[in-house]
2 protein chains.
Amino acid sequence: MHPFDAALALSPDREGQPGQFQGHTQAAWWNMVGPFGGISAAVMLQAVLRHPALHGTPVALTVNYTAAMNEGPYTIVATPVRTSRSTQHWTVQLCQSHGPEGAVVVLTATVMTALRRPGWGASDSPMPRVPAPQTLARATAPPGGLPWLQRYDLRTVTGGLEFLQVGHKPGAAVHGTSLSQIWIRDEPARSLDFAALAAQADIFFPRVWLRRGQTCAAGTVSYTVYFHVGTQALQNCADAWVLGQACGQGYGDGFFDQTGQLWSEHGQLLVTTHQLVYFKD
Amino acid sequence: MHPFDAALALSPDREGQPGQFQGHTQAAWWNMVGPFGGISAAVMLQAVLRHPALHGTPVALTVNYTAAMNEGPYTIVATPVRTSRSTQHWTVQLCQSHGPEGAVVVLTATVMTALRRPGWGASDSPMPRVPAPQTLARATAPPGGLPWLQRYDLRTVTGGLEFLQVGHKPGAAVHGTSLSQIWIRDEPARSLDFAALAAQADIFFPRVWLRRGQTCAAGTVSYTVYFHVGTQALQNCADAWVLGQACGQGYGDGFFDQTGQLWSEHGQLLVTTHQLVYFKD
């Protein structure tokens, strides 16, 4: 089984309500102090996609990281709070038993799904002109090699982790910008779907590292993905490369935000994404 | 009482749980087919700000517009799902009785509040150089004058509703872009606070109108605001002007998204904002 599908495996809880699932963290997706945030977001979306009452495909996903996720099992409950003819709104919660503390809410999410009607379209976010992924070297993981980074083939166009190299002075300006452009593909390759996009839109390392030229403790606290494509367009992408772009906006008093886009290899805007990140000075 | 404060008036429900409030829609804030979305977002935030267990100030707000809001009373329940030493995560729901349909969830939201520690800050979103608000004419409401538009003094720098003027061909290109820059102030003037920012970040008319040079039915379905300032910085703004900027990103099959920023009159980044909007072709 592909490691992404292994992480997304959810068992319906036969004694619980419809939309209640059991899952388990995966060592293959571990980040510094918990799972990669993108895989957690994908699992939250997956609970909606597996719900028997699902109506339509995802258009908006917001995940809040409310507590640390420990290694072990968890329970997700996805609830359709409102269904209309063409749209459906969901709330999702993931809980985990944290020993003496009891059940802790680790993630909350809201999801909107919709039956998209074919119609007029345009983009104010054209894909930037960048070298093809085949012409770029695969990014090497930083010292200590985090497991989740091995789950992606990443080819940096600009705004990579060069500043981690020996000889760079911490705090020295890196690019004068927090812009990164990175080609992304699941490793091994896997056909694109909504859950895969929900994870890939979170692959960017903290913008504050790039902005300050040094690493620090940082973690996403709120994460939003808007989906601009339907099932057919995603199927047409198959397992091709995705170009990701991310940039910081404002930084101050322990938080910064990031705005980003993912395009298909042929330049179609797939998702736009935003996140708020906690960082330690 | 200022019309903004009248809209934010919430009565604690003495028979309900802590964080349960009663409110009522306000004719002064009516838009096409319901209240202005920004006032609804502000009311959801206000329920958190009024909660006796509140910890910190808002850093992230996401509101989902799940059903039409009717004229009349409503109930909001704000729940702190996780509180740590320095952060707090909330879920919020607004319900309304819709006649024979019974209680309907009209809005869902997640809010994060935090005790911000003073520390390093920077901006990758400098305020654009634009003419001062005092040099620009006050925007006139479009024909039919929507009540909520009277609640703001808006001075358009670029990307206004000029295309609604007689003689413009529907569909003719307007700017070749969906960018708007608009000076914003409550009318009458009112000191800035978090709820005011939550409302002001939604004042931009649908980007699809500007992009296509024609109006259509459209409504926000998911709305996110990240707050980049604390209480002191907001108090320093007093009732000065705020510069708002918004731009579309992707449009297709009935939905588009918008990204935006609000700066203080002196150029401090106050909030960044994103929304997904439904539109009818």
# chains A, B, ... in the order shown; residues from 1 in each chain; ligands from 1
call {"tool": "interface_residues", "arguments": {"of": "chain B", "to": "chain A", "cutoff": "6 Å", "atoms": "only C-alpha atoms", "output": "PyMOL selection string"}}
result
chain B and resi 116-125+249-253
call {"tool": "select_by_dssp", "arguments": {"residues": "segment 38-156 of chain A", "states": "helix (DSSP H, G or I)", "output": "count of residues only"}}
result
23
call {"tool": "closest_residue", "arguments": {"among": "B:Gly102, B:Pro58, B:Gly213, B:Gly244", "to": "Thr158 of chain B", "atoms": "only C-alpha atoms"}}
result
B:Gly244
call {"tool": "select_by_dssp", "arguments": {"residues": "segment 8-207 of chain B", "states": "strand (DSSP E or B)", "output": "MDAnalysis selection string"}}
result
chainID B and resid 11:12 20:24 30 35 57:65 73:83 87:97 103:114 122:123 152:158 180:186
call {"tool": "residues_around", "arguments": {"residues": "Ala27 of chain B", "least_positions_apart": "5", "cutoff": "9 Å", "atoms": "only C-alpha atoms", "output": "JSON, numbers by chain"}}
result
{"B": [35, 71, 147, 148]}
call {"tool": "write_last_selection", "arguments": {"atoms": "N, CA, C and O atoms", "output": "PDB file, in the first residue's frame"}}
result
ATOM      1  N   PRO B  35     -27.929  39.607   5.907  1.00  0.00           N
ATOM      2  CA  PRO B  35     -27.008  40.618   6.440  1.00  0.00           C
ATOM      3  C   PRO B  35     -25.683  40.603   5.670  1.00  0.00           C
ATOM      4  O   PRO B  35     -25.296  39.570   5.114  1.00  0.00           O
ATOM      5  N   GLU B  71     -34.281  37.493   8.606  1.00  0.00           N
ATOM      6  CA  GLU B  71     -34.500  38.575   9.556  1.00  0.00           C
ATOM      7  C   GLU B  71     -35.073  37.952  10.827  1.00  0.00           C
ATOM      8  O   GLU B  71     -35.998  37.146  10.756  1.00  0.00           O
ATOM      9  N   PRO B 147     -28.408  48.909   2.474  1.00  0.00           N
ATOM     10  CA  PRO B 147     -28.229  49.532   3.796  1.00  0.00           C
ATOM     11  C   PRO B 147     -26.798  49.411   4.336  1.00  0.00           C
ATOM     12  O   PRO B 147     -26.252  50.400   4.846  1.00  0.00           O
ATOM     13  N   TRP B 148     -26.162  48.233   4.260  1.00  0.00           N
ATOM     14  CA  TRP B 148     -24.855  48.064   4.913  1.00  0.00           C
ATOM     15  C   TRP B 148     -23.806  48.994   4.334  1.00  0.00           C
ATOM     16  O   TRP B 148     -22.875  49.387   5.048  1.00  0.00           O
TER      17      TRP B 148
END
call {"tool": "residues_around", "arguments": {"residues": "segment 15-22 of chain B", "least_positions_apart": "4", "cutoff": "7 Å", "atoms": "only C-alpha atoms", "output": "VMD selection string"}}
result
chain B and resid 10 to 11 47 51 74 to 79
call {"tool": "residues_around", "arguments": {"residues": "Leu243 of chain B", "least_positions_apart": "6", "cutoff": "12 Å", "atoms": "only C-alpha atoms", "output": "PyMOL selection string"}}
result
chain B and resi 126-133+153-158+180-185+197+200-201+203-204+260-272
call {"tool": "write_last_selection", "arguments": {"atoms": "N, CA and C atoms", "output": "tab-separated table (two decimals), in the first residue's frame"}}
result
chain	number	residue	atom	x	y	z
B	126	PRO	N	4.21	45.23	2.21
B	126	PRO	CA	4.21	46.66	2.49
B	126	PRO	C	2.97	47.32	1.92
B	127	MET	N	2.49	48.35	2.57
B	127	MET	CA	1.31	49.06	2.07
B	127	MET	C	1.65	49.72	0.74
B	128	PRO	N	0.79	49.55	-0.28
B	128	PRO	CA	1.06	50.22	-1.56
B	128	PRO	C	0.98	51.75	-1.40
B	129	ARG	N	1.75	52.44	-2.24
B	129	ARG	CA	1.67	53.91	-2.22
B	129	ARG	C	0.40	54.34	-2.94
B	130	VAL	N	-0.46	54.98	-2.22
B	130	VAL	CA	-1.75	55.41	-2.79
B	130	VAL	C	-2.07	56.81	-2.30
B	131	PRO	N	-2.97	57.53	-3.00
B	131	PRO	CA	-3.36	58.86	-2.53
B	131	PRO	C	-4.06	58.78	-1.17
B	132	ALA	N	-3.93	59.83	-0.38
B	132	ALA	CA	-4.57	59.89	0.94
B	132	ALA	C	-6.09	59.89	0.78
B	133	PRO	N	-6.80	59.31	1.75
B	133	PRO	CA	-8.27	59.21	1.64
B	133	PRO	C	-8.95	60.57	1.50
B	153	ASP	N	-17.68	54.62	5.19
B	153	ASP	CA	-17.20	55.66	4.29
B	153	ASP	C	-16.09	55.00	3.48
B	154	LEU	N	-16.32	54.80	2.19
B	154	LEU	CA	-15.37	54.08	1.33
B	154	LEU	C	-14.82	55.04	0.28
B	155	ARG	N	-13.50	55.08	0.13
B	155	ARG	CA	-12.85	55.94	-0.87
B	155	ARG	C	-12.03	55.04	-1.78
B	156	THR	N	-12.47	54.89	-3.00
B	156	THR	CA	-11.85	53.95	-3.92
B	156	THR	C	-10.59	54.53	-4.56
B	157	VAL	N	-9.47	53.84	-4.40
B	157	VAL	CA	-8.22	54.21	-5.07
B	157	VAL	C	-8.22	53.61	-6.48
B	158	THR	N	-8.52	52.32	-6.56
B	158	THR	CA	-8.61	51.65	-7.85
B	158	THR	C	-9.53	50.44	-7.72
B	180	SER	N	-8.61	45.63	-6.24
B	180	SER	CA	-9.22	46.84	-5.68
B	180	SER	C	-8.39	47.34	-4.51
B	181	GLN	N	-8.26	48.64	-4.42
B	181	GLN	CA	-7.66	49.30	-3.24
B	181	GLN	C	-8.65	50.35	-2.78
B	182	ILE	N	-9.07	50.25	-1.54
B	182	ILE	CA	-10.17	51.08	-1.04
B	182	ILE	C	-9.85	51.53	0.39
B	183	TRP	N	-9.93	52.84	0.64
B	183	TRP	CA	-9.85	53.34	2.01
B	183	TRP	C	-11.19	53.08	2.70
B	184	ILE	N	-11.13	52.66	3.95
B	184	ILE	CA	-12.33	52.22	4.68
B	184	ILE	C	-12.38	52.94	6.03
B	185	ARG	N	-13.55	53.43	6.39
B	185	ARG	CA	-13.76	53.92	7.76
B	185	ARG	C	-15.21	53.69	8.15
B	197	LEU	N	-12.37	44.95	12.51
B	197	LEU	CA	-11.51	44.44	11.45
B	197	LEU	C	-12.14	43.20	10.80
B	200	GLN	N	-14.62	44.69	8.41
B	200	GLN	CA	-14.06	45.52	7.32
B	200	GLN	C	-13.34	44.68	6.27
B	201	ALA	N	-12.76	43.55	6.68
B	201	ALA	CA	-12.01	42.72	5.72
B	201	ALA	C	-12.94	42.05	4.71
B	203	ILE	N	-15.44	43.93	3.06
B	203	ILE	CA	-16.21	44.98	2.36
B	203	ILE	C	-16.09	44.93	0.83
B	204	PHE	N	-15.17	44.13	0.31
B	204	PHE	CA	-14.91	44.14	-1.13
B	204	PHE	C	-16.04	43.46	-1.91
B	260	GLY	N	-6.64	39.20	0.41
B	260	GLY	CA	-6.63	40.62	0.71
B	260	GLY	C	-5.83	40.99	1.95
B	261	GLN	N	-5.64	42.28	2.12
B	261	GLN	CA	-4.88	42.83	3.26
B	261	GLN	C	-5.55	44.12	3.72
B	262	LEU	N	-5.44	44.40	5.00
B	262	LEU	CA	-5.83	45.71	5.55
B	262	LEU	C	-4.63	46.30	6.27
B	263	TRP	N	-4.34	47.57	5.98
B	263	TRP	CA	-3.27	48.29	6.67
B	263	TRP	C	-3.86	49.47	7.44
B	264	SER	N	-3.16	49.87	8.51
B	264	SER	CA	-3.53	51.09	9.20
B	264	SER	C	-3.17	52.28	8.31
B	265	GLU	N	-3.71	53.45	8.66
B	265	GLU	CA	-3.44	54.64	7.85
B	265	GLU	C	-1.94	54.91	7.77
B	266	HIS	N	-1.19	54.46	8.80
B	266	HIS	CA	0.26	54.71	8.82
B	266	HIS	C	1.06	53.53	8.29
B	267	GLY	N	0.37	52.54	7.68
B	267	GLY	CA	1.09	51.50	6.94
B	267	GLY	C	1.36	50.22	7.71
B	268	GLN	N	0.80	50.04	8.90
B	268	GLN	CA	1.01	48.79	9.62
B	268	GLN	C	0.03	47.73	9.11
B	269	LEU	N	0.54	46.54	8.81
B	269	LEU	CA	-0.34	45.45	8.36
B	269	LEU	C	-1.20	45.01	9.54
B	270	LEU	N	-2.52	45.13	9.39
B	270	LEU	CA	-3.44	44.80	10.49
B	270	LEU	C	-3.97	43.38	10.36
B	271	VAL	N	-4.49	43.04	9.19
B	271	VAL	CA	-4.99	41.68	8.96
B	271	VAL	C	-4.69	41.27	7.53
B	272	THR	N	-4.60	39.96	7.32
B	272	THR	CA	-4.66	39.38	5.98
B	272	THR	C	-5.92	38.53	5.94
